[in-house]
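**Q** Below you'll find query19.txt; it's compact mmCIF, C-alpha atoms and all ligand atoms.
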```
# COMPACT_ATOMS: atom_id res chain seq x y z
CA MET A 1275 -2.80 69.35 73.99
CA ILE A 1276 -4.93 68.69 77.07
CA THR A 1277 -3.09 68.44 80.39
CA ILE A 1278 -4.83 66.69 83.28
CA ARG A 1279 -3.16 66.97 86.71
CA VAL A 1280 -4.34 65.03 89.75
CA PRO A 1281 -2.74 65.22 93.21
CA CYS A 1282 -1.99 62.32 95.52
CA SER A 1283 -3.96 62.03 98.74
CA SER A 1284 -3.54 60.85 102.28
CA ALA A 1285 -6.73 59.25 103.57
CA ASN A 1286 -8.00 58.81 107.14
CA ILE A 1287 -5.58 61.22 108.97
CA GLY A 1288 -5.95 58.96 112.01
CA PRO A 1289 -9.58 58.50 113.10
CA GLY A 1290 -11.31 59.45 109.83
CA PHE A 1291 -11.32 55.97 108.28
CA ASP A 1292 -13.03 56.13 104.85
CA VAL A 1293 -14.13 59.70 105.67
CA ILE A 1294 -11.27 62.22 105.71
CA GLY A 1295 -8.79 62.93 102.94
CA LEU A 1296 -6.01 65.42 102.32
CA ALA A 1297 -4.77 66.20 98.80
CA LEU A 1298 -1.00 66.64 98.75
CA SER A 1299 1.63 67.95 96.36
CA ILE A 1300 2.72 64.83 94.43
CA TRP A 1301 1.13 64.58 91.02
CA LEU A 1302 -0.16 62.27 88.33
CA GLU A 1303 -0.16 64.10 85.00
CA LEU A 1304 -1.71 63.08 81.67
CA GLN A 1305 -0.65 64.82 78.47
CA VAL A 1306 -3.40 64.05 76.00
CA GLU A 1307 -3.27 64.58 72.26
CA VAL A 1308 -6.46 64.12 70.34
CA ASN A 1309 -6.44 63.83 66.56
CA GLU A 1310 -9.94 64.98 65.63
CA ALA A 1311 -9.30 64.11 61.97
CA LYS A 1312 -8.89 60.37 62.24
CA SER A 1313 -9.45 57.14 64.02
CA SER A 1314 -6.42 54.88 64.45
CA ASP A 1315 -5.63 51.17 64.18
CA SER A 1316 -4.62 51.08 67.84
CA LEU A 1317 -6.68 49.16 70.36
CA LEU A 1318 -9.80 51.14 71.25
CA ASN A 1319 -8.33 54.17 69.43
CA CYS A 1320 -5.89 54.91 72.25
CA VAL A 1321 -2.10 54.76 72.56
CA ILE A 1322 -0.49 54.99 76.00
CA SER A 1323 3.06 55.92 76.95
CA TYR A 1324 4.28 56.17 80.53
CA GLU A 1325 7.12 57.52 82.65
CA GLY A 1326 7.76 57.64 86.38
CA GLN A 1327 6.46 55.61 89.30
CA GLY A 1328 5.01 52.26 88.27
CA ALA A 1329 6.62 52.31 84.82
CA GLU A 1330 7.72 48.67 85.19
CA GLU A 1331 4.40 47.31 86.39
CA VAL A 1332 1.58 49.37 84.92
CA PRO A 1333 -0.03 47.86 81.78
CA LEU A 1334 -0.03 50.10 78.74
CA THR A 1335 -2.99 48.86 76.76
CA ALA A 1336 -6.21 50.84 76.85
CA ASP A 1337 -8.28 47.90 78.04
CA SER A 1338 -6.03 47.04 80.98
CA ASN A 1339 -4.59 50.31 82.29
CA LEU A 1340 -6.68 51.60 85.22
CA ILE A 1341 -6.70 55.18 83.88
CA THR A 1342 -7.90 54.32 80.37
CA ARG A 1343 -10.26 51.56 81.60
CA THR A 1344 -11.90 54.15 83.81
CA ALA A 1345 -12.13 56.58 80.88
CA LEU A 1346 -13.72 53.81 78.80
CA TYR A 1347 -16.25 53.14 81.55
CA VAL A 1348 -17.31 56.80 81.46
CA LEU A 1349 -17.39 56.81 77.64
CA ARG A 1350 -19.42 53.58 77.45
CA CYS A 1351 -21.98 54.97 79.90
CA HIS A 1352 -22.46 57.64 77.21
CA GLY A 1353 -22.78 55.22 74.32
CA GLN A 1354 -19.17 55.51 73.06
CA ARG A 1355 -17.56 52.06 73.03
CA ALA A 1356 -14.01 53.25 72.30
CA PHE A 1357 -12.10 56.53 72.40
CA PRO A 1358 -14.07 58.57 69.84
CA VAL A 1359 -11.01 59.77 67.91
CA GLU A 1360 -7.33 58.84 67.89
CA THR A 1361 -6.04 59.66 71.38
CA LYS A 1362 -2.45 59.60 72.62
CA VAL A 1363 -2.12 59.60 76.39
CA HIS A 1364 1.32 60.22 77.88
CA ILE A 1365 1.27 59.48 81.62
CA ILE A 1366 3.82 61.14 83.92
CA ASN A 1367 3.37 59.67 87.37
CA THR A 1368 5.24 60.79 90.47
CA ILE A 1369 2.86 59.11 92.97
CA PRO A 1370 4.37 55.88 94.34
CA LEU A 1371 2.06 52.88 93.91
CA GLY A 1372 0.66 50.86 96.81
CA ARG A 1373 2.10 53.11 99.53
CA GLY A 1374 -1.05 54.72 100.97
CA LEU A 1375 -0.80 57.92 98.95
CA GLY A 1376 -3.89 57.35 96.84
CA SER A 1377 -2.24 56.31 93.56
CA SER A 1378 -5.29 54.28 92.55
CA GLY A 1379 -7.66 57.08 93.56
CA ALA A 1380 -5.62 59.51 91.45
CA ALA A 1381 -5.65 57.08 88.51
CA VAL A 1382 -9.44 56.75 88.76
CA VAL A 1383 -9.95 60.52 88.97
CA ALA A 1384 -7.58 61.03 86.01
CA GLY A 1385 -9.51 58.40 84.03
CA VAL A 1386 -12.87 60.04 84.69
CA LEU A 1387 -11.46 63.45 83.69
CA LEU A 1388 -9.96 61.87 80.55
CA GLY A 1389 -13.26 60.26 79.55
CA ASN A 1390 -15.07 63.54 80.15
CA GLU A 1391 -12.57 65.45 77.95
CA VAL A 1392 -12.27 63.09 75.00
CA GLY A 1393 -15.99 62.33 74.98
CA LYS A 1394 -16.82 66.05 75.29
CA LEU A 1395 -19.31 65.08 77.98
CA GLY A 1396 -19.37 68.30 80.02
CA LEU A 1397 -19.80 66.47 83.34
CA THR A 1398 -19.69 68.53 86.54
CA LYS A 1399 -17.16 67.61 89.24
CA ALA A 1400 -20.07 66.44 91.41
CA ARG A 1401 -21.17 63.98 88.70
CA MET A 1402 -17.58 62.93 88.09
CA LEU A 1403 -17.34 62.01 91.79
CA ASP A 1404 -20.22 59.55 91.22
CA TYR A 1405 -18.25 57.89 88.43
CA CYS A 1406 -15.13 57.71 90.61
CA LEU A 1407 -17.14 56.08 93.40
CA MET A 1408 -18.36 53.30 91.12
CA ILE A 1409 -14.72 52.21 90.87
CA GLU A 1410 -13.01 53.25 94.11
CA ARG A 1411 -15.70 52.67 96.69
CA HIS A 1412 -14.27 54.65 99.62
CA PRO A 1413 -14.74 58.39 99.01
CA ASP A 1414 -11.82 59.83 101.03
CA ASN A 1415 -9.07 59.57 98.36
CA VAL A 1416 -11.09 60.36 95.25
CA ALA A 1417 -12.90 63.38 96.74
CA ALA A 1418 -9.60 64.86 97.99
CA ALA A 1419 -7.89 64.24 94.64
CA LEU A 1420 -10.78 65.68 92.64
CA TYR A 1421 -11.60 68.72 94.77
CA GLY A 1422 -8.29 69.30 96.55
CA GLY A 1423 -7.46 70.35 100.10
CA PHE A 1424 -8.57 68.81 103.38
CA VAL A 1425 -11.99 67.20 103.00
CA GLY A 1426 -14.63 65.30 104.91
CA THR A 1427 -16.68 62.93 102.75
CA TYR A 1428 -19.79 60.81 103.06
CA LEU A 1429 -21.85 58.39 101.02
CA ASN A 1430 -25.61 58.88 100.74
CA ASP A 1431 -28.20 56.32 101.67
CA LEU A 1432 -29.44 55.08 98.33
CA SER A 1433 -32.76 53.57 97.31
CA PRO A 1434 -32.67 49.73 97.27
CA GLU A 1435 -32.59 49.92 93.46
CA ASP A 1436 -29.61 52.31 93.43
CA THR A 1437 -27.82 50.33 96.14
CA GLU A 1438 -28.03 47.32 93.88
CA ARG A 1439 -26.65 49.37 90.96
CA LYS A 1440 -23.73 50.55 93.09
CA GLU A 1441 -22.91 47.09 94.35
CA ILE A 1442 -22.42 45.42 91.05
CA PRO A 1443 -19.04 43.69 90.68
CA LEU A 1444 -16.25 45.99 89.48
CA SER A 1445 -15.75 43.71 86.48
CA GLU A 1446 -19.16 44.84 85.23
CA VAL A 1447 -18.25 48.51 85.62
CA LEU A 1448 -14.79 48.54 84.13
CA PRO A 1449 -14.56 47.37 80.53
CA ALA A 1450 -13.13 43.87 80.18
CA PRO A 1451 -9.35 43.67 79.65
CA ALA A 1452 -7.87 41.70 76.75
CA GLY A 1453 -9.09 38.13 76.80
CA GLY A 1454 -12.28 39.09 78.57
CA GLN A 1455 -15.61 39.21 76.80
CA ASP A 1456 -16.82 42.54 75.48
CA THR A 1457 -20.55 41.97 75.76
CA GLY A 1458 -21.30 45.08 73.69
CA ARG A 1459 -23.66 46.19 76.46
CA ASN A 1460 -23.16 49.59 78.02
CA PRO A 1461 -22.15 49.38 81.70
CA PRO A 1462 -24.46 50.58 84.48
CA GLU A 1463 -24.39 54.35 85.05
CA PRO A 1464 -23.76 55.55 88.58
CA PRO A 1465 -26.75 56.67 90.62
CA ILE A 1466 -26.82 60.47 90.98
CA GLY A 1467 -25.25 61.90 94.13
CA ILE A 1468 -23.66 58.74 95.57
CA GLY A 1469 -21.20 60.73 97.63
CA HIS A 1470 -20.47 64.26 98.79
CA TYR A 1471 -17.67 66.21 100.40
CA MET A 1472 -17.07 69.28 102.53
CA LYS A 1473 -13.80 71.22 102.50
CA PHE A 1474 -12.22 72.12 105.85
CA PRO A 1475 -9.74 74.92 106.48
CA TRP A 1476 -6.08 74.00 106.91
CA ALA A 1477 -3.68 75.98 109.12
CA LYS A 1478 -1.03 77.42 106.80
CA GLU A 1479 1.79 76.62 109.27
CA ILE A 1480 1.25 72.86 109.04
CA LYS A 1481 3.23 70.84 106.49
CA ALA A 1482 3.07 67.11 105.83
CA ILE A 1483 6.14 64.90 106.12
CA ALA A 1484 5.56 61.69 104.16
CA ILE A 1485 7.92 58.84 105.03
CA ILE A 1486 7.49 56.36 102.21
CA PRO A 1487 8.83 52.82 102.80
CA GLN A 1488 10.20 50.99 99.79
CA PHE A 1489 7.59 48.24 99.86
CA GLU A 1490 3.97 48.09 98.79
CA VAL A 1491 0.87 47.24 100.77
CA ALA A 1492 -2.13 46.71 98.48
CA THR A 1493 -5.11 48.61 99.87
CA ALA A 1494 -7.36 45.58 99.28
CA LYS A 1495 -5.11 43.48 101.52
CA ALA A 1496 -4.97 46.18 104.21
CA ARG A 1497 -8.78 46.26 104.23
CA GLN A 1498 -9.01 42.48 104.63
CA VAL A 1499 -7.23 42.62 108.01
CA LEU A 1500 -9.93 44.90 109.47
CA PRO A 1501 -12.70 43.39 111.61
CA ASP A 1502 -16.34 43.35 110.49
CA SER A 1503 -17.53 44.91 113.74
CA TYR A 1504 -16.12 47.07 116.54
CA SER A 1505 -16.76 47.55 120.25
CA ARG A 1506 -18.87 50.54 121.23
CA ALA A 1507 -15.87 51.89 123.20
CA ASP A 1508 -13.64 51.92 120.10
CA VAL A 1509 -16.30 53.56 117.94
CA VAL A 1510 -16.91 56.25 120.57
CA PHE A 1511 -13.14 56.78 120.88
CA ASN A 1512 -12.89 57.56 117.14
CA LEU A 1513 -16.06 59.68 117.09
CA GLN A 1514 -14.71 61.83 119.92
CA ARG A 1515 -11.49 62.45 118.04
CA ILE A 1516 -12.96 62.98 114.59
CA ALA A 1517 -15.25 65.66 116.04
CA LEU A 1518 -12.11 67.62 116.99
CA LEU A 1519 -9.89 66.92 114.00
CA PRO A 1520 -11.13 69.47 111.39
CA MET A 1521 -11.14 72.31 113.93
CA ALA A 1522 -7.76 71.33 115.35
CA LEU A 1523 -6.07 71.24 111.92
CA GLY A 1524 -7.72 74.47 110.78
CA LYS A 1525 -6.77 76.56 113.80
CA SER A 1526 -3.92 79.03 113.36
CA PRO A 1527 -1.54 79.03 115.18
CA PRO A 1528 -1.88 75.27 115.60
CA GLU A 1529 -1.97 73.62 119.04
CA ALA A 1530 0.20 70.54 118.74
CA GLU A 1531 -1.17 68.63 121.76
CA GLN A 1532 -4.74 69.10 120.56
CA ILE A 1533 -3.90 67.88 117.05
CA TYR A 1534 -1.95 64.92 118.39
CA LEU A 1535 -4.93 63.84 120.48
CA ALA A 1536 -7.39 64.37 117.61
CA MET A 1537 -5.33 62.09 115.34
CA GLN A 1538 -5.57 58.97 117.54
CA ASP A 1539 -7.39 55.99 116.06
CA LYS A 1540 -8.70 52.59 117.16
CA VAL A 1541 -10.51 51.56 113.98
CA HIS A 1542 -7.82 50.75 111.42
CA GLN A 1543 -4.25 51.46 112.53
CA PRO A 1544 -4.11 48.83 115.32
CA TYR A 1545 -5.13 46.11 112.85
CA ARG A 1546 -2.63 47.15 110.20
CA LYS A 1547 0.42 46.95 112.47
CA GLY A 1548 1.11 43.38 111.36
CA LEU A 1549 1.54 44.57 107.76
CA ILE A 1550 3.94 47.39 108.60
CA PRO A 1551 6.94 46.52 110.80
CA GLY A 1552 7.85 49.47 113.05
CA LEU A 1553 4.39 51.08 112.92
CA SER A 1554 3.59 50.54 116.64
CA GLU A 1555 6.92 51.99 117.75
CA ILE A 1556 6.57 55.00 115.43
CA LEU A 1557 3.05 55.84 116.58
CA GLN A 1558 3.95 55.44 120.26
CA SER A 1559 7.31 57.16 120.37
CA VAL A 1560 7.04 60.16 118.03
CA THR A 1561 4.99 62.75 119.94
CA PRO A 1562 4.89 66.57 120.30
CA LYS A 1563 6.58 66.16 123.71
CA SER A 1564 9.49 64.15 122.35
CA HIS A 1565 9.82 66.04 119.03
CA SER A 1566 9.31 69.77 118.97
CA GLY A 1567 7.39 70.92 115.90
CA LEU A 1568 5.44 67.67 115.53
CA CYS A 1569 1.66 68.13 115.64
CA GLY A 1570 0.35 64.66 114.85
CA ILE A 1571 1.24 61.35 113.28
CA CYS A 1572 -0.69 58.61 111.52
CA LEU A 1573 -0.62 55.91 108.89
CA SER A 1574 -1.28 57.47 105.48
CA GLY A 1575 -4.27 55.71 103.92
CA ALA A 1576 -3.83 51.96 104.16
CA GLY A 1577 -0.05 52.37 104.54
CA PRO A 1578 2.81 51.74 104.62
CA THR A 1579 3.57 55.51 104.36
CA ILE A 1580 3.67 57.44 107.63
CA LEU A 1581 2.27 60.96 107.62
CA ALA A 1582 3.73 63.31 110.24
CA LEU A 1583 2.14 66.77 110.41
CA ALA A 1584 4.54 69.40 111.70
CA THR A 1585 5.31 73.11 111.79
CA GLU A 1586 9.13 72.91 112.05
CA ASN A 1587 12.10 70.54 112.50
CA PHE A 1588 10.97 68.54 109.47
CA ASP A 1589 14.38 66.91 108.87
CA SER A 1590 14.84 65.71 112.42
CA ILE A 1591 11.27 64.35 112.64
CA ALA A 1592 11.76 62.50 109.35
CA LYS A 1593 15.10 61.12 110.54
CA VAL A 1594 13.73 59.58 113.71
CA ILE A 1595 11.05 57.75 111.71
CA LEU A 1596 13.59 56.65 109.06
CA ASP A 1597 15.75 55.27 111.90
CA ILE A 1598 12.89 53.20 113.33
CA PHE A 1599 12.17 51.73 109.90
CA ALA A 1600 15.91 51.13 109.40
CA LYS A 1601 15.96 48.95 112.54
CA GLN A 1602 13.46 46.74 110.67
CA ASP A 1603 15.70 46.77 107.56
CA ILE A 1604 13.20 48.93 105.73
CA LYS A 1605 14.55 51.67 103.46
CA CYS A 1606 12.40 54.73 102.87
CA ASP A 1607 12.19 57.93 100.88
CA TRP A 1608 10.76 61.02 102.49
CA LYS A 1609 9.17 64.18 101.17
CA LEU A 1610 7.94 67.43 102.63
CA LEU A 1611 4.50 68.10 101.15
CA GLU A 1612 1.89 70.83 101.17
CA PRO A 1613 -1.88 70.57 100.74
CA ALA A 1614 -2.84 70.65 97.05
CA GLU A 1615 -5.73 73.07 97.50
CA ASP A 1616 -6.87 73.22 93.87
CA GLY A 1617 -7.25 69.49 93.40
CA SER A 1618 -7.47 68.19 89.86
CA THR A 1619 -7.05 70.57 86.96
CA VAL A 1620 -7.51 70.40 83.20
CA THR A 1621 -5.66 72.90 80.98
CA TYR A 1622 -5.47 73.34 77.22
CA SER A 1623 -2.45 74.45 75.15
N1 LIG B 1 -0.69 55.68 87.37
C1 LIG B 1 -1.33 54.51 87.37
N2 LIG B 1 -1.65 53.91 86.22
C2 LIG B 1 -2.27 52.72 86.21
N3 LIG B 1 -2.61 52.03 87.32
C3 LIG B 1 -2.32 52.58 88.50
C4 LIG B 1 -1.67 53.83 88.60
N4 LIG B 1 -1.50 54.13 89.89
C5 LIG B 1 -2.03 53.10 90.58
N5 LIG B 1 -2.52 52.16 89.77
C6 LIG B 1 -3.14 50.88 90.15
O1 LIG B 1 -3.50 50.95 91.52
C7 LIG B 1 -2.80 49.96 92.30
C8 LIG B 1 -2.41 50.51 93.64
O2 LIG B 1 -3.59 50.82 94.33
P1 LIG B 1 -3.73 50.62 95.90
O3 LIG B 1 -3.39 49.21 96.29
O4 LIG B 1 -5.09 51.11 96.25
O5 LIG B 1 -2.60 51.55 96.52
P2 LIG B 1 -2.53 53.13 96.71
O6 LIG B 1 -2.45 53.29 98.20
O7 LIG B 1 -1.29 53.57 96.03
O8 LIG B 1 -3.79 53.71 96.12
C9 LIG B 1 -1.59 49.62 91.44
O9 LIG B 1 -1.11 48.32 91.71
C10 LIG B 1 -2.15 49.75 90.03
O10 LIG B 1 -2.90 48.59 89.71
N1 LIG B 2 -9.85 54.67 103.76
C1 LIG B 2 -9.05 53.79 102.93
C2 LIG B 2 -8.00 54.62 102.27
C3 LIG B 2 -7.04 53.83 101.40
O1 LIG B 2 -6.09 54.74 100.88
P1 LIG B 2 -4.87 54.26 99.97
O2 LIG B 2 -4.14 55.51 99.64
O3 LIG B 2 -4.07 53.32 100.79
O4 LIG B 2 -5.47 53.60 98.76
C4 LIG B 2 -8.40 52.72 103.81
O5 LIG B 2 -7.86 53.08 104.84
O6 LIG B 2 -8.49 51.53 103.46
```
Just give me the structure of the file as structure tokens.
**A**
Amino acid sequence: MITIRVPCSSANIGPGFDVIGLALSIWLELQVEVNEAKSSDSLLNCVISYEGQGAEEVPLTADSNLITRTALYVLRCHGQRAFPVETKVHIINTIPLGRGLGSSGAAVVAGVLLGNEVGKLGLTKARMLDYCLMIERHPDNVAAALYGGFVGTYLNDLSPEDTERKEIPLSEVLPAPAGGQDTGRNPPEPPIGIGHYMKFPWAKEIKAIAIIPQFEVATAKARQVLPDSYSRADVVFNLQRIALLPMALGKSPPEAEQIYLAMQDKVHQPYRKGLIPGLSEILQSVTPKSHSGLCGICLSGAGPTILALATENFDSIAKVILDIFAKQDIKCDWKLLEPAEDGSTVTYS
């Protein structure tokens, strides 16, 4: 059996919109059984079973599930139109969907790793990142999930030809789901080196409290509320903070006031407040001065999860945030998480 494990991720960490990501200890796992001896009657040679978060909503056919569609994209770029041999994929997902914890990024990374394994493609992680970026276009979640830890990411300037290849509609990258036309053509391969990452140190004292509201905010919707352009003052505000953030979170022992300041943002959080009742109050009222042990607080990814970084008093910090959401009639779960330093792994048994 092949086991593929991919961590969740919290993107942005305040000012690092579409740039910074942190892999955290909630996992998407695939247990993959490959029967080398035969091909099956199942659609595209793949049977999916699923347990955990999203079990009621996630489609379980190979041409419509995001994980297997992504695997098929990778396989088709290498001339294999279906799973090459009978493949059973059991998905165990503990990452909540649509909460700003990178469930879609993890699904895309898992799909690329799956395609690489079943197709015996031998892709490097750097090349796999290119495939991920053809599907999830912001690099912060996928780079963190693939490589692990606390990362800064960037996209390269591409030649006009490659830019065109990268900006094709997603429907031309992902194989068509049932009912759609399979043109029989192989999809466009990603340009080489679309995106890169750099890993930053993380102070061992800092843990991540994730307060996860029981409602979903689709990332696509949370991106639609953002403006197309920003004032110079707001851009400079974020640049000043992002220049401090990696150093501040890597320094041991951590300096809470410095981290708090470095996690302020004017690029995405202010515009997402309308989607997340209680967000303004949480960001304004939960500070290192009012809550000992707190280092910094932000929206996790596109929300609605709140990420509070802290060195102690985890329960009381979580409780104050749960209480603010409760005033808005929003129920939440909360978890104490650690950076997932190793990122995605593939093991064989
Ligand atoms: N384990 C999974 N299997 C299949 N599809 C998934 C899985 N996890 C996430 N997705 C897809 O990604 C969507 C959520 O993505 P998105 O809106 O970006 O939120 P998130 O912040 O969780 O990444 C889900 O509605 C589903 O379509
Ligand atoms: N930088 C992106 C990150 C989205 O993360 P997700 O976990 O909500 O998918 C954004 O802020 O839109």
**Q** Report the closest atom pair, with its distance in Å rounded to one decimal, for each residue of chain A that has an atom no farther than 8 Å from ligand LIG 1 (chain B); count only C-alpha atoms and all ligand atoms, sort by chain and then rising residue number, and write it as CSV.
**A**
```
residue,atom,partner,partner_atom,distance
A:Leu1302,CA,B:LIG1,N1,6.7
A:Gln1327,CA,B:LIG1,N1,7.4
A:Gly1328,CA,B:LIG1,N1,6.7
A:Glu1331,CA,B:LIG1,O9,7.7
A:Val1332,CA,B:LIG1,C2,5.3
A:Pro1333,CA,B:LIG1,C2,6.9
A:Asn1339,CA,B:LIG1,C2,5.2
A:Leu1340,CA,B:LIG1,N3,4.6
A:Ile1341,CA,B:LIG1,C2,5.6
A:Ile1365,CA,B:LIG1,N1,7.2
A:Ile1366,CA,B:LIG1,N1,7.9
A:Asn1367,CA,B:LIG1,N1,5.7
A:Ile1369,CA,B:LIG1,N4,7.3
A:Pro1370,CA,B:LIG1,O7,6.3
A:Leu1371,CA,B:LIG1,O7,4.0
A:Gly1372,CA,B:LIG1,O5,3.3
A:Arg1373,CA,B:LIG1,O6,4.7
A:Gly1374,CA,B:LIG1,O6,3.4
A:Leu1375,CA,B:LIG1,O6,5.0
A:Gly1376,CA,B:LIG1,O8,3.7
A:Ser1377,CA,B:LIG1,O7,3.8
A:Ser1378,CA,B:LIG1,O8,3.9
A:Gly1379,CA,B:LIG1,O8,5.7
A:Ala1380,CA,B:LIG1,N4,7.0
A:Ala1381,CA,B:LIG1,C4,5.1
A:Glu1490,CA,B:LIG1,O5,7.8
A:Val1491,CA,B:LIG1,O3,6.5
A:Ala1492,CA,B:LIG1,O3,3.6
A:Thr1493,CA,B:LIG1,O3,4.0
A:Ala1494,CA,B:LIG1,O3,6.2
A:Lys1495,CA,B:LIG1,O3,7.9
A:Gly1575,CA,B:LIG1,O6,6.5
A:Ala1576,CA,B:LIG1,O6,6.3
A:Gly1577,CA,B:LIG1,O6,6.8
```
**Q** Can you tell me which residues surround Ile1595 in chain A at a distance of at most 7 Å, considering only C-alpha atoms, apart from same-chain residues fewer than 4 positions away, and format the answer as a VMD selection string?
**A** chain A and resid 1556 1591 1599
**Q** Give me, please, the distance in Å between CA of Ser1299 in chain A and CA of Asn1587 in chain A, quoted to one decimal.
**A**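 CA of Ser1299 in chain A sits 19.4 Å away from CA of Asn1587 in chain A.
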**Q** Can you list, as number ranges by chain, every protein, DNA or RNA residue that comes within 9 Å of range 1458-1468 of chain A when you count only C-alpha atoms, leaving out same-chain residues fewer than 5 positions away?
**A** A: 1347-1348, 1350-1355, 1400-1401, 1403-1405, 1407-1408, 1428-1432, 1436-1437, 1439-1440, 1442, 1446-1449
**Q** Between CA of Tyr1324 in chain A and CA of Thr1277 in chain A, what is the distance, to one decimal in Å?
**A**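 Separation between CA of Tyr1324 in chain A and CA of Thr1277 in chain A: 14.3 Å.
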**Q** Write out as a list in words each polymer residue whose atoms come within 12 Å of Leu1334 in chain A, counting all atoms listed in the file; drop sequence neighbours fewer than 5 positions from it.
**A**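 Counting only the stated atoms, we get Ser1316, Leu1317, Cys1320, Val1321, Ile1322, Ser1323, Tyr1324, Glu1325, Gly1328, Ala1329, Asn1339, Leu1340, Ile1341, Thr1342, Arg1343, Lys1362, Val1363, His1364, Ile1365, Pro1451 and Ala1452 of chain A.
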**Q** Skip Leu1523 in chain A itself and residues of its chain fewer than 5 positions away, then list as a list in words all residues within 8 Å of it, counting all atoms listed in the file.
**A**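 Near neighbours after the sequence-gap exclusion: Pro1475, Trp1476, Ala1477, Pro1528 and Ile1533 of chain A.
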**Q** Can you tell me, as a list in words, what residues are no more than 7 Å from range 1414-1419 of chain A when counting all atoms listed in the file, ignoring any on the same chain fewer than 5 positions away?
**A** Val1280, Pro1281, Cys1282, Ser1283, Ser1284, Ala1285, Asp1292, Val1293, Ile1294, Gly1295, Leu1296, Ala1297, Gly1376, Gly1379, Ala1380, Val1383, Leu1403, Cys1406, Phe1424, Val1425, Thr1427, Tyr1471, Gly1617 and Ser1618 of chain A
**Q** Determine the nearest neighbour of ligand LIG 2 (chain B) from the options A:Leu1346, A:Leu1298, A:Ala1600, A:Val1620, counting all atoms listed in the file.
**A** A:Leu1298
**Q** With only C-alpha atoms and all ligand atoms as the basis for distance, which of A:Gln1514, A:Gln1498, A:Thr1335, A:Gln1532 is at the shortest distance from ligand LIG 2 (chain B)?
**A**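 Ranked by minimum distance to ligand LIG 2 (chain B), first place goes to A:Gln1498.
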**Q** In Å, how far is it from CA of Met1275 in chain A to CA of Gly1422 in chain A?
**A** 23.2 Å
**Q** For each of A:Leu1513, A:Val1382, A:Leu1596, A:Val1560, take the minimum atom-to-atom distance to ligand LIG 2 (chain B), counting all atoms listed in the file, then give the residue where this is smallest.
**A** A:Val1382
**Q** May I ask which of the residues A:Asp1315, A:Glu1303, A:Glu1410, A:Glu1310 is the closest one to ligand LIG 2 (chain B), counting only C-alpha atoms and all ligand atoms?
**A**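 When distances to ligand LIG 2 (chain B) are compared using only C-alpha atoms and all ligand atoms, the smallest one comes from A:Glu1410.
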**Q** Might I get the box with edges along x, y and z of the file that holds all atoms of range 1502-1515 of chain A listed there, padded by 5 Å on every side, given as centre and edge lengths in Å to one decimal, as lines of an AutoDock Vina configuration file?
**A**
```
center_x = -15.2
center_y = 52.9
center_z = 116.8
size_x = 17.4
size_y = 29.1
size_z = 22.7
```
**Q** From the list A:Leu1583, A:Met1472, A:Ile1604, A:Leu1500, which residue is nearest ligand LIG 2 (chain B) when using only C-alpha atoms and all ligand atoms?
**A**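 Closest residue, counting only C-alpha atoms and all ligand atoms: A:Leu1500.
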**Q** So which one's closest to ligand LIG 2 (chain B), A:Ser1623, A:Asn1286, A:Ser1566, A:Gln1488? Using only C-alpha atoms and all ligand atoms, please.
**A**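 Among A:Ser1623, A:Asn1286, A:Ser1566, A:Gln1488, it is A:Asn1286 that comes nearest to ligand LIG 2 (chain B).
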**Q** Restore N, CA and C atoms in range 1514-1523 of chain A and list the result as a tab-separated table (two decimals), in the coordinates of the input.
**A**
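Listed below is the output, part.tsv:
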```tsv
chain	number	residue	atom	x	y	z
A	1514	GLN	N	-15.15	60.69	119.10
A	1514	GLN	CA	-14.71	61.83	119.92
A	1514	GLN	C	-13.54	62.56	119.26
A	1515	ARG	N	-12.67	61.80	118.65
A	1515	ARG	CA	-11.49	62.45	118.04
A	1515	ARG	C	-11.82	63.10	116.69
A	1516	ILE	N	-12.66	62.44	115.92
A	1516	ILE	CA	-12.96	62.98	114.59
A	1516	ILE	C	-13.77	64.27	114.72
A	1517	ALA	N	-14.50	64.41	115.83
A	1517	ALA	CA	-15.25	65.66	116.04
A	1517	ALA	C	-14.29	66.83	116.25
A	1518	LEU	N	-13.09	66.55	116.73
A	1518	LEU	CA	-12.11	67.62	116.99
A	1518	LEU	C	-11.19	67.89	115.80
A	1519	LEU	N	-10.97	66.87	114.99
A	1519	LEU	CA	-9.89	66.92	114.00
A	1519	LEU	C	-9.96	68.10	113.02
A	1520	PRO	N	-11.12	68.35	112.36
A	1520	PRO	CA	-11.13	69.47	111.39
A	1520	PRO	C	-10.85	70.82	112.04
A	1521	MET	N	-11.40	71.04	113.23
A	1521	MET	CA	-11.14	72.31	113.93
A	1521	MET	C	-9.67	72.41	114.32
A	1522	ALA	N	-9.15	71.31	114.85
A	1522	ALA	CA	-7.76	71.33	115.35
A	1522	ALA	C	-6.78	71.62	114.21
A	1523	LEU	N	-7.02	71.04	113.03
A	1523	LEU	CA	-6.07	71.24	111.92
A	1523	LEU	C	-6.30	72.55	111.18
```
